[in-house]
Amino acid sequence: MSEIKEFKTESKRLLDLMINSIYTNKEIFLRELISNASDAIDKYHYLSLTDEKLTKEDKYHIFLAYDSKERTFTIEDNGIGMTYDELNEHLGTIAKSGSLEFLNKIQEEKDNKDESENLDIIGQFGVGFYSSFMVANKVVVETKSPYSTKAYRFSSTGTDTYEVEECNKEDHGTKITLFFRENKDEENYDEFLSDWKIKELVKKYSDYVRYPIEMFVSESVQDKDENGKEIEGKYHDETHLEVLNSMIPLWKKNKSDVTKEQLNDFYKQKFQEYEDPSTSLFVNVEGLISYNSLLFIPKKAPYNLYSDKYERGLQLYTKGIFIMDKCKDLIPDYLRFVKGLVDTSDISLNISREMLQQDRQIKKIATSLEKKLLQELERMKNEEFKEYVSFFKEFGVNLKYGIYESYGARKDSLKDLLLYKSLLNEEMITLKQYVENMKEGQEFIYYASNKSKEAVEAMPQLDALKAKGYDVLILTDEIDEFAIEMLGDYNEKKFKSINQGDLDLLNEEEKKKIDALKDEKKPLLDALKEALHGKVSDVKVSTRLVSSPVCLVSGEGMSFEMEKVLKQMPNSSDLKAERILEINPNHNLFKALEKVYETSNEKLKDYASLLLDQALLMEGIMIENPQEFSKKMCDLMILASSSNEEKKDESAID
Ligand code: ADP
């Protein structure tokens with residue numbers, strides 16, 4: 001008895017896209033089906049090692065066949081198969097998060113009306129089984145799980161429903177039959193019904209698959225006479241079973257036999273990426289620990305890299321047998337963007353996830369891989385700086401996080417990989433470059449935190465440094481100041497924020513001068529401090545301002561940026577950076593303050609409060625009472641205009 005079932009909504013959308021696809025790369029359907037078959041065999045084999053109910057197989061294989069008259073193509077594996085429930089769950093709904101992402105992307109492209117892009121994004125996601133419908137108008141899946149006594153047949157034309165019924169199948173595994181569509185205009189499906197095309201596609205996409213991909217291939221053979229001599233011009237067809245893939249996993253090959261292109265293809269296929277990686281690494285270690293590894297750094301960060309849902313980790317194999325997909329113990333958290341796999345003979349096959357965590361071999365491999373990766377980044381930085389900059393823009397935050405997360409333990413291995421924007425350089429620079437270009441007498445590495453270079457350039461606190469021609473690192477990532485704090489110094493040069501503490505820019509003579517000025521203006525400064533009691537810890541004459549009247553700086557401890565970051569955290573504490581108001585003694589405003597101080601204490605209070613609010617706003621910190629700020633501002637404007645009126649009146653009398 002057969003049942004008609006409905007595809008889930010998302011599946012319908014995806015199927016609809018497949019059926020109506022004008023995508024040129026339809027050939028990927030074969031890659032997807034072979035990859036599923038290979039996964040299914042992996043699963044069977046892995047389970048058979050521990051589950052005695054599963055018979056051990058002598059031979060795993062993926063068998064391909066086609067029938068050009070019927071226009072069908074079949075792929076058969078002796079893998080894990082599917083139970084009735086699995087069949088519905090895996091083929092009736094979208095199992096893969098990648099496919100959902102793909103659907104959203106398509107929608108996005110549609111909204112952007114960028115149709116041309118549509119063509120190319122199917123390949124990006126590896127949409128799996130449903131890609132069959134790009135080439136077939138009917139698909140039949142016959143499958144048997146070793147955990148089910150019955151076998152089932154799924155068939156569908158890819159429209160709203162599919163049919164499930166029992167069928168005869170003795171052995172575990174899955175057989176999928178595609179009924180190719182009719183040729184239409186430029187869409188030629190007949191080409192898939194040929195030995196050479198299938199051979200070509202297997203080589204191109206699935207050569208590394210560990211199991212033999214077999215097919216009966218016919219060959220034209222020259223006829224022979226009774227003496228065994230070849231007869232000229234006479235041929236007949238002979239068929240023989242051929243293994244189409246070389247099977248040696250890429251990572252088991254000789255490093256020198258593997259081209260960059262092969263690595264890139266492997267990466268795209270294995271991790272369903274559509275772009276080449278930014279760099280790939282072939283690691284082959286023999287010694288106290290032995291392992292082979294392929295590592296890749298993507299060009300772009302996945303959209304969910306920083307979410308809790310993102311699972312970091314490398315695929316783990318032992319002696320070529322797949323063990324698990326995301327072994328997170330192989331890669332530190334800060335390198336979570338790295339993709340790849342490790343194959344080692346040093347761990348046992350049925351190791352549990354819990355045991356892996358404590359496994360010393362795994363730890364050693366992880367340490368060794370981390371070192372190799374950092375070496376590769378160093379190489380990239382030195383030899384391909386442009387690529388390195390692109391890498392850093394995408395993943396630099398992670399390296400900074402690595403310094404922070406290790407409480408500085410990793411600083412020596414990471415500090416030279418950091419890049420920063422800076423005030424005086426178009427290109428990003430390393431800390432080494434900064435230090436090498438420090439001006440004579442400059443003792444510190446100065447940095448400024450703000451949302452962009454433009455914002456930094458406008459910061460009043462920069463005045464004096466600009467005047468001296470000092471370069472300033474520009475920090476725009478939230479993690480930046482935390483990482484800098486962990487670094488502490490770079491080759492004994494301490495870091496200094498432009499709006500924190502003292503800038504230490506003055507020579508002895510200048511210091512004396514400013515001290516004298518401080519004494520002289522003490523009553524005014526005290527009065528301002530008194531007026532801002534509880535809001536700032538101090539009011540000082542500034543040594544960092546040149547043309548701006550006022551600025552806010554923080555004390556030595558927490559900075560304003562840190563305060564902002566901490567405020568965003570859940571259960572944020574009420575911790576605040578110490579606020580110090582600095583006033584430029586050479587600015588006209590200072591003279592105005594002195595005047596007001598002499599006449600009215602009330603007015604001075606208003607001025608003080610306005611000054612502080614301005615300084616806060618310039619720091620991007622919300623002021624406490626915007627209404628009051630606005631009112632005081634209005635009052636001042638009215639006052640200014642009426643005193644202008646008075647002046648006008650006076651001049652009229654003259
Ligand atoms: P993916 O393979 O990436 O998960 P697919 O849409 O290709 O996505 O397949 C969905 C699921 O169907 C697979 O995860 C697997 O559980 C099941 N499946 C597909 N092909 C086979 C097969 N040949 N043997 C067993 N299960 C399969």
# chains A, B, ... in the order shown; residues from 1 in each chain; ligands from 1
>>> residues_near_ligand(ligand="ligand 1", cutoff="6 Å", atoms="only C-alpha atoms and all ligand atoms", output="ChimeraX atom specification")
/A:36-37,40,80-82,90-91,95-96,128-130,174
>>> write_last_selection(atoms="N, CA, C and O atoms", output="mmCIF file, in the first residue's frame")
data_model
loop_
_atom_site.group_PDB
_atom_site.id
_atom_site.type_symbol
_atom_site.label_atom_id
_atom_site.label_comp_id
_atom_site.auth_asym_id
_atom_site.auth_seq_id
_atom_site.Cartn_x
_atom_site.Cartn_y
_atom_site.Cartn_z
ATOM 1 N N ASN A 36 26.379 11.973 -0.618
ATOM 2 C CA ASN A 36 25.413 11.344 0.288
ATOM 3 C C ASN A 36 25.685 9.846 0.425
ATOM 4 O O ASN A 36 25.611 9.287 1.519
ATOM 5 N N ALA A 37 26.005 9.195 -0.687
ATOM 6 C CA ALA A 37 26.260 7.758 -0.659
ATOM 7 C C ALA A 37 27.493 7.460 0.190
ATOM 8 O O ALA A 37 27.496 6.544 1.021
ATOM 9 N N ALA A 40 26.729 7.853 3.762
ATOM 10 C CA ALA A 40 25.908 6.738 4.244
ATOM 11 C C ALA A 40 26.785 5.509 4.511
ATOM 12 O O ALA A 40 26.564 4.771 5.478
ATOM 13 N N ILE A 80 24.137 3.047 5.073
ATOM 14 C CA ILE A 80 23.242 2.879 6.219
ATOM 15 C C ILE A 80 21.761 2.849 5.822
ATOM 16 O O ILE A 80 20.925 2.355 6.570
ATOM 17 N N GLY A 81 21.425 3.355 4.628
ATOM 18 C CA GLY A 81 20.022 3.367 4.218
ATOM 19 C C GLY A 81 19.167 4.219 5.134
ATOM 20 O O GLY A 81 19.684 4.975 5.962
ATOM 21 N N MET A 82 17.864 4.115 4.959
ATOM 22 C CA MET A 82 16.968 4.908 5.809
ATOM 23 C C MET A 82 15.775 4.068 6.254
ATOM 24 O O MET A 82 15.257 3.266 5.478
ATOM 25 N N HIS A 90 14.190 12.879 6.274
ATOM 26 C CA HIS A 90 15.343 13.397 5.536
ATOM 27 C C HIS A 90 15.026 13.843 4.120
ATOM 28 O O HIS A 90 15.648 14.750 3.602
ATOM 29 N N LEU A 91 14.074 13.183 3.503
ATOM 30 C CA LEU A 91 13.781 13.579 2.123
ATOM 31 C C LEU A 91 12.504 14.406 2.005
ATOM 32 O O LEU A 91 12.306 15.090 1.011
ATOM 33 N N ALA A 95 16.805 18.878 5.524
ATOM 34 C CA ALA A 95 17.589 18.478 6.687
ATOM 35 C C ALA A 95 18.703 19.477 6.958
ATOM 36 O O ALA A 95 19.159 19.638 8.071
ATOM 37 N N LYS A 96 19.085 20.144 5.903
ATOM 38 C CA LYS A 96 20.316 20.925 6.014
ATOM 39 C C LYS A 96 20.099 22.388 6.293
ATOM 40 O O LYS A 96 19.319 23.036 5.625
ATOM 41 N N GLY A 128 22.221 19.396 -1.904
ATOM 42 C CA GLY A 128 21.996 17.989 -1.576
ATOM 43 C C GLY A 128 21.031 17.277 -2.491
ATOM 44 O O GLY A 128 20.934 17.566 -3.691
ATOM 45 N N PHE A 129 20.322 16.370 -1.877
ATOM 46 C CA PHE A 129 19.475 15.445 -2.620
ATOM 47 C C PHE A 129 18.543 16.142 -3.616
ATOM 48 O O PHE A 129 18.348 15.689 -4.745
ATOM 49 N N TYR A 130 17.970 17.259 -3.191
ATOM 50 C CA TYR A 130 16.990 17.931 -4.051
ATOM 51 C C TYR A 130 17.583 18.429 -5.371
ATOM 52 O O TYR A 130 16.853 18.723 -6.312
ATOM 53 N N THR A 174 21.054 2.182 -0.273
ATOM 54 C CA THR A 174 20.100 3.021 -0.990
ATOM 55 C C THR A 174 20.372 2.979 -2.488
ATOM 56 O O THR A 174 21.521 2.985 -2.911
#
>>> residues_around(residues="Leu506 (chain A)", least_positions_apart="6", cutoff="12 Å", atoms="only C-alpha atoms", output="VMD selection string")
chain A and resid 441 to 443 464 to 465 468 512 to 515 542 to 544
>>> closest_residue(among="A:Ile28, A:Leu503, A:Leu517, A:Leu369", to="Lys268 (chain A)", atoms="only C-alpha atoms")
A:Ile28
>>> closest_atom_pairs(of="region 466-528 of chain A", to="region 545-549 of chain A", cutoff="12 Å", atoms="only C-alpha atoms", output="JSON lines")
{"residue": "A:Lys466", "atom": "CA", "partner": "A:Val546", "partner_atom": "CA", "distance": 9.5}
{"residue": "A:Ala467", "atom": "CA", "partner": "A:Val546", "partner_atom": "CA", "distance": 8.3}
{"residue": "A:Lys468", "atom": "CA", "partner": "A:Val546", "partner_atom": "CA", "distance": 11.2}
{"residue": "A:Ile498", "atom": "CA", "partner": "A:Leu545", "partner_atom": "CA", "distance": 10.9}
{"residue": "A:Asn499", "atom": "CA", "partner": "A:Leu545", "partner_atom": "CA", "distance": 10.8}
{"residue": "A:Leu503", "atom": "CA", "partner": "A:Leu545", "partner_atom": "CA", "distance": 11.0}
{"residue": "A:Leu505", "atom": "CA", "partner": "A:Leu545", "partner_atom": "CA", "distance": 11.7}
>>> residues_around(residues="region 615-630 of chain A", least_positions_apart="5", cutoff="10 Å", atoms="only C-alpha atoms", output="compact mmCIF listing (two decimals) with N, CA and C atoms, in the first residue's frame")
# COMPACT_ATOMS: atom_id res chain seq x y z
N SER A 449 40.30 55.19 20.39
CA SER A 449 39.17 54.30 20.09
C SER A 449 37.99 55.12 19.62
N ASN A 450 37.42 54.70 18.55
CA ASN A 450 36.21 55.35 18.08
C ASN A 450 35.60 54.49 17.00
N LYS A 451 34.46 54.93 16.46
CA LYS A 451 33.78 54.02 15.55
C LYS A 451 34.42 53.97 14.16
N ALA A 455 35.92 59.44 12.59
CA ALA A 455 35.53 59.87 13.93
C ALA A 455 36.77 60.15 14.78
N ALA A 458 38.43 63.46 14.12
CA ALA A 458 37.74 64.64 14.65
C ALA A 458 37.87 64.77 16.17
N MET A 459 38.56 63.84 16.80
CA MET A 459 38.61 63.89 18.27
C MET A 459 39.51 65.02 18.75
N PRO A 460 38.99 65.89 19.64
CA PRO A 460 39.79 67.03 20.11
C PRO A 460 41.04 66.58 20.88
N ASN A 499 42.84 59.48 25.18
CA ASN A 499 41.89 60.15 26.08
C ASN A 499 41.79 59.49 27.44
N LYS A 535 29.82 64.37 39.25
CA LYS A 535 29.76 64.02 37.82
C LYS A 535 31.13 63.82 37.21
N PRO A 549 38.07 73.63 22.64
CA PRO A 549 37.94 74.24 23.96
C PRO A 549 37.94 73.24 25.12
N VAL A 550 37.39 72.04 24.87
CA VAL A 550 37.14 71.19 26.03
C VAL A 550 37.13 69.73 25.58
N CYS A 551 37.48 68.86 26.48
CA CYS A 551 37.32 67.42 26.19
C CYS A 551 37.21 66.64 27.48
N LEU A 552 36.78 65.42 27.31
CA LEU A 552 36.64 64.54 28.45
C LEU A 552 37.71 63.48 28.35
N VAL A 553 38.36 63.17 29.44
CA VAL A 553 39.28 62.03 29.42
C VAL A 553 38.93 61.13 30.61
N PHE A 560 36.42 54.86 28.32
CA PHE A 560 35.03 55.07 27.89
C PHE A 560 34.57 53.95 26.97
N GLU A 561 35.47 53.50 26.10
CA GLU A 561 35.09 52.42 25.18
C GLU A 561 34.74 51.16 25.95
N GLU A 563 33.70 51.04 28.95
CA GLU A 563 32.43 51.29 29.63
C GLU A 563 31.27 51.00 28.68
N LYS A 564 31.41 51.48 27.43
CA LYS A 564 30.33 51.26 26.45
C LYS A 564 30.12 49.77 26.19
N ARG A 579 35.64 60.08 35.06
CA ARG A 579 35.53 61.18 34.11
C ARG A 579 36.31 62.40 34.58
N LEU A 581 37.30 66.30 33.30
CA LEU A 581 37.04 67.33 32.29
C LEU A 581 38.31 68.15 32.09
N GLU A 582 38.73 68.25 30.84
CA GLU A 582 39.92 69.06 30.56
C GLU A 582 39.53 70.29 29.75
N ASP A 606 25.90 76.74 35.28
CA ASP A 606 25.30 76.40 33.98
C ASP A 606 26.37 76.14 32.93
N SER A 609 28.01 72.81 33.48
CA SER A 609 27.17 71.68 33.08
C SER A 609 27.09 71.56 31.55
N LEU A 610 27.02 72.72 30.88
CA LEU A 610 27.01 72.69 29.42
C LEU A 610 28.31 72.12 28.84
N ASP A 635 18.57 79.18 26.64
CA ASP A 635 18.74 80.38 27.47
C ASP A 635 19.96 81.16 27.02
N LEU A 636 21.03 80.40 26.77
CA LEU A 636 22.28 81.03 26.39
C LEU A 636 22.16 81.74 25.04
>>> select_by_dssp(residues="region 561-651 of chain A", states="strand (DSSP E or B)", output="ChimeraX atom specification")
/A:579-583
>>> write_last_selection(atoms="all heavy atoms", output="PDB file, in the first residue's frame")
ATOM      1  N   ARG A 579      35.639  60.075  35.057  1.00  0.00           N
ATOM      2  CA  ARG A 579      35.528  61.177  34.110  1.00  0.00           C
ATOM      3  C   ARG A 579      36.314  62.397  34.577  1.00  0.00           C
ATOM      4  O   ARG A 579      36.131  62.880  35.691  1.00  0.00           O
ATOM      5  CB  ARG A 579      34.058  61.576  33.950  1.00  0.00           C
ATOM      6  CG  ARG A 579      33.240  60.563  33.177  1.00  0.00           C
ATOM      7  CD  ARG A 579      31.783  60.629  33.580  1.00  0.00           C
ATOM      8  NE  ARG A 579      30.895  60.022  32.602  1.00  0.00           N
ATOM      9  CZ  ARG A 579      30.845  58.731  32.322  1.00  0.00           C
ATOM     10  NH1 ARG A 579      31.643  57.876  32.922  1.00  0.00           N
ATOM     11  NH2 ARG A 579      29.989  58.274  31.428  1.00  0.00           N
ATOM     12  N   ILE A 580      37.183  62.877  33.714  1.00  0.00           N
ATOM     13  CA  ILE A 580      37.950  64.084  34.027  1.00  0.00           C
ATOM     14  C   ILE A 580      37.713  65.093  32.903  1.00  0.00           C
ATOM     15  O   ILE A 580      37.861  64.756  31.727  1.00  0.00           O
ATOM     16  CB  ILE A 580      39.463  63.766  34.113  1.00  0.00           C
ATOM     17  CG1 ILE A 580      39.702  62.729  35.224  1.00  0.00           C
ATOM     18  CG2 ILE A 580      40.268  65.043  34.359  1.00  0.00           C
ATOM     19  CD1 ILE A 580      41.069  62.087  35.173  1.00  0.00           C
ATOM     20  N   LEU A 581      37.300  66.304  33.301  1.00  0.00           N
ATOM     21  CA  LEU A 581      37.040  67.326  32.291  1.00  0.00           C
ATOM     22  C   LEU A 581      38.306  68.149  32.093  1.00  0.00           C
ATOM     23  O   LEU A 581      38.892  68.631  33.054  1.00  0.00           O
ATOM     24  CB  LEU A 581      35.889  68.223  32.754  1.00  0.00           C
ATOM     25  CG  LEU A 581      35.345  69.182  31.697  1.00  0.00           C
ATOM     26  CD1 LEU A 581      34.618  68.418  30.601  1.00  0.00           C
ATOM     27  CD2 LEU A 581      34.402  70.210  32.331  1.00  0.00           C
ATOM     28  N   GLU A 582      38.728  68.247  30.839  1.00  0.00           N
ATOM     29  CA  GLU A 582      39.917  69.060  30.561  1.00  0.00           C
ATOM     30  C   GLU A 582      39.534  70.295  29.754  1.00  0.00           C
ATOM     31  O   GLU A 582      38.771  70.198  28.792  1.00  0.00           O
ATOM     32  CB  GLU A 582      40.959  68.255  29.772  1.00  0.00           C
ATOM     33  CG  GLU A 582      41.620  67.177  30.598  1.00  0.00           C
ATOM     34  CD  GLU A 582      42.904  66.648  29.950  1.00  0.00           C
ATOM     35  OE1 GLU A 582      43.231  67.047  28.810  1.00  0.00           O
ATOM     36  OE2 GLU A 582      43.571  65.830  30.601  1.00  0.00           O
ATOM     37  N   ILE A 583      40.087  71.429  30.170  1.00  0.00           N
ATOM     38  CA  ILE A 583      39.759  72.675  29.489  1.00  0.00           C
ATOM     39  C   ILE A 583      41.029  73.274  28.898  1.00  0.00           C
ATOM     40  O   ILE A 583      42.097  73.242  29.517  1.00  0.00           O
ATOM     41  CB  ILE A 583      39.121  73.669  30.476  1.00  0.00           C
ATOM     42  CG1 ILE A 583      37.909  72.984  31.118  1.00  0.00           C
ATOM     43  CG2 ILE A 583      38.679  74.937  29.772  1.00  0.00           C
ATOM     44  CD1 ILE A 583      37.158  73.832  32.077  1.00  0.00           C
TER      45      ILE A 583
END
>>> residues_around(residues="region 136-149 of chain A", least_positions_apart="4", cutoff="7 Å", atoms="only C-alpha atoms", output="list of chain:residue names")
A:Leu54, A:Ile80, A:Gly81, A:Met82, A:Thr83, A:Ser132, A:Arg153, A:Phe154, A:Ser155, A:Ser156, A:Thr157, A:Gly158, A:Lys169, A:Asp171, A:His172, A:Gly173, A:Thr174, A:Lys175, A:Ile176, A:Thr177, A:Leu178, A:Phe179, A:Phe180, A:Arg181
>>> select_by_dssp(residues="region 371-558 of chain A", states="alpha helix (DSSP H)", output="ChimeraX atom specification")
/A:371-383,385-405,411-414,431-436,453-457,463-468,480-487,508-520,522-531
>>> residues_around(residues="Gln269 (chain A)", least_positions_apart="2", cutoff="12 Å", atoms="only C-alpha atoms", output="PyMOL selection string")
chain A and resi 28+30-32+34-35+123-128+204-209+262-267+271-277+340
>>> write_last_selection(atoms="N, CA and C atoms", output="short mmCIF file (atom, residue, chain, number, x, y, z; two decimals), in the first residue's frame")
data_model
loop_
_atom_site.label_atom_id
_atom_site.label_comp_id
_atom_site.auth_asym_id
_atom_site.auth_seq_id
_atom_site.Cartn_x
_atom_site.Cartn_y
_atom_site.Cartn_z
N ILE A 28 26.27 19.34 -10.81
CA ILE A 28 26.61 19.09 -9.41
C ILE A 28 25.69 18.06 -8.75
N LEU A 30 25.39 15.09 -9.40
CA LEU A 30 26.12 13.84 -9.23
C LEU A 30 27.03 13.91 -8.00
N ARG A 31 27.72 15.02 -7.87
CA ARG A 31 28.56 15.23 -6.70
C ARG A 31 27.74 15.08 -5.41
N GLU A 32 26.56 15.67 -5.42
CA GLU A 32 25.72 15.64 -4.22
C GLU A 32 25.28 14.22 -3.89
N ILE A 34 26.70 11.38 -4.83
CA ILE A 34 27.85 10.55 -4.44
C ILE A 34 28.27 10.88 -3.02
N SER A 35 28.23 12.15 -2.71
CA SER A 35 28.63 12.55 -1.36
C SER A 35 27.67 11.97 -0.31
N GLY A 123 25.31 26.43 -6.47
CA GLY A 123 26.56 25.73 -6.23
C GLY A 123 27.19 26.06 -4.89
N GLN A 124 26.90 27.25 -4.39
CA GLN A 124 27.49 27.68 -3.13
C GLN A 124 27.08 26.81 -1.96
N PHE A 125 25.88 26.32 -2.02
CA PHE A 125 25.34 25.74 -0.80
C PHE A 125 25.32 24.23 -0.76
N GLY A 126 25.51 23.60 -1.91
CA GLY A 126 25.45 22.16 -1.90
C GLY A 126 24.10 21.74 -1.39
N VAL A 127 23.07 21.94 -2.20
CA VAL A 127 21.72 21.75 -1.70
C VAL A 127 21.31 20.29 -1.58
N GLY A 128 22.22 19.40 -1.90
CA GLY A 128 22.00 17.99 -1.58
C GLY A 128 21.03 17.28 -2.49
N LYS A 204 36.24 14.95 -11.57
CA LYS A 204 36.23 16.37 -11.23
C LYS A 204 35.77 16.61 -9.79
N TYR A 205 34.70 15.94 -9.41
CA TYR A 205 34.09 16.29 -8.12
C TYR A 205 34.33 15.26 -7.02
N SER A 206 34.56 14.01 -7.40
CA SER A 206 34.49 12.97 -6.36
C SER A 206 35.68 12.04 -6.35
N ASP A 207 36.78 12.49 -6.88
CA ASP A 207 37.93 11.61 -7.02
C ASP A 207 38.45 11.11 -5.67
N TYR A 208 38.35 11.94 -4.65
CA TYR A 208 38.93 11.58 -3.36
C TYR A 208 38.01 10.68 -2.53
N VAL A 209 36.79 10.49 -2.98
CA VAL A 209 35.85 9.66 -2.20
C VAL A 209 36.51 8.33 -1.88
N GLN A 262 43.69 21.55 -6.75
CA GLN A 262 43.03 20.39 -6.16
C GLN A 262 42.58 20.68 -4.73
N LEU A 263 43.47 21.35 -4.00
CA LEU A 263 43.11 21.70 -2.62
C LEU A 263 41.88 22.61 -2.61
N ASN A 264 41.89 23.59 -3.50
CA ASN A 264 40.76 24.51 -3.55
C ASN A 264 39.47 23.79 -3.92
N ASP A 265 39.56 22.90 -4.90
CA ASP A 265 38.36 22.15 -5.30
C ASP A 265 37.85 21.29 -4.16
N PHE A 266 38.80 20.66 -3.50
CA PHE A 266 38.44 19.81 -2.38
C PHE A 266 37.69 20.61 -1.31
N TYR A 267 38.24 21.76 -1.03
CA TYR A 267 37.65 22.64 -0.01
C TYR A 267 36.22 23.01 -0.36
N PHE A 271 33.30 21.47 1.97
CA PHE A 271 32.67 22.39 2.92
C PHE A 271 31.60 23.25 2.27
N GLN A 272 31.19 22.81 1.11
CA GLN A 272 30.11 23.49 0.41
C GLN A 272 30.33 24.99 0.32
N GLU A 273 31.52 25.33 -0.12
CA GLU A 273 31.85 26.74 -0.31
C GLU A 273 31.83 27.01 -1.81
N TYR A 274 31.62 28.23 -2.18
CA TYR A 274 31.63 28.52 -3.61
C TYR A 274 32.85 29.32 -4.03
N GLU A 275 33.56 29.83 -3.04
CA GLU A 275 34.75 30.61 -3.35
C GLU A 275 35.98 29.82 -2.92
N ASP A 276 37.10 30.04 -3.58
CA ASP A 276 38.35 29.45 -3.12
C ASP A 276 38.64 29.96 -1.71
N PRO A 277 39.41 29.16 -0.95
CA PRO A 277 39.77 29.66 0.37
C PRO A 277 40.81 30.77 0.24
N GLY A 340 38.64 22.34 8.05
CA GLY A 340 39.60 21.33 7.61
C GLY A 340 39.39 20.00 8.28
#
>>> closest_residue(among="A:Leu294, A:Met486, A:Val472, A:Leu14", to="Gly92 (chain A)", atoms="only C-alpha atoms")
A:Leu14
>>> closest_residue(among="A:Glu378, A:Asp574, A:Glu219, A:Asp613", to="Lys415 (chain A)", atoms="only C-alpha atoms")
A:Glu378
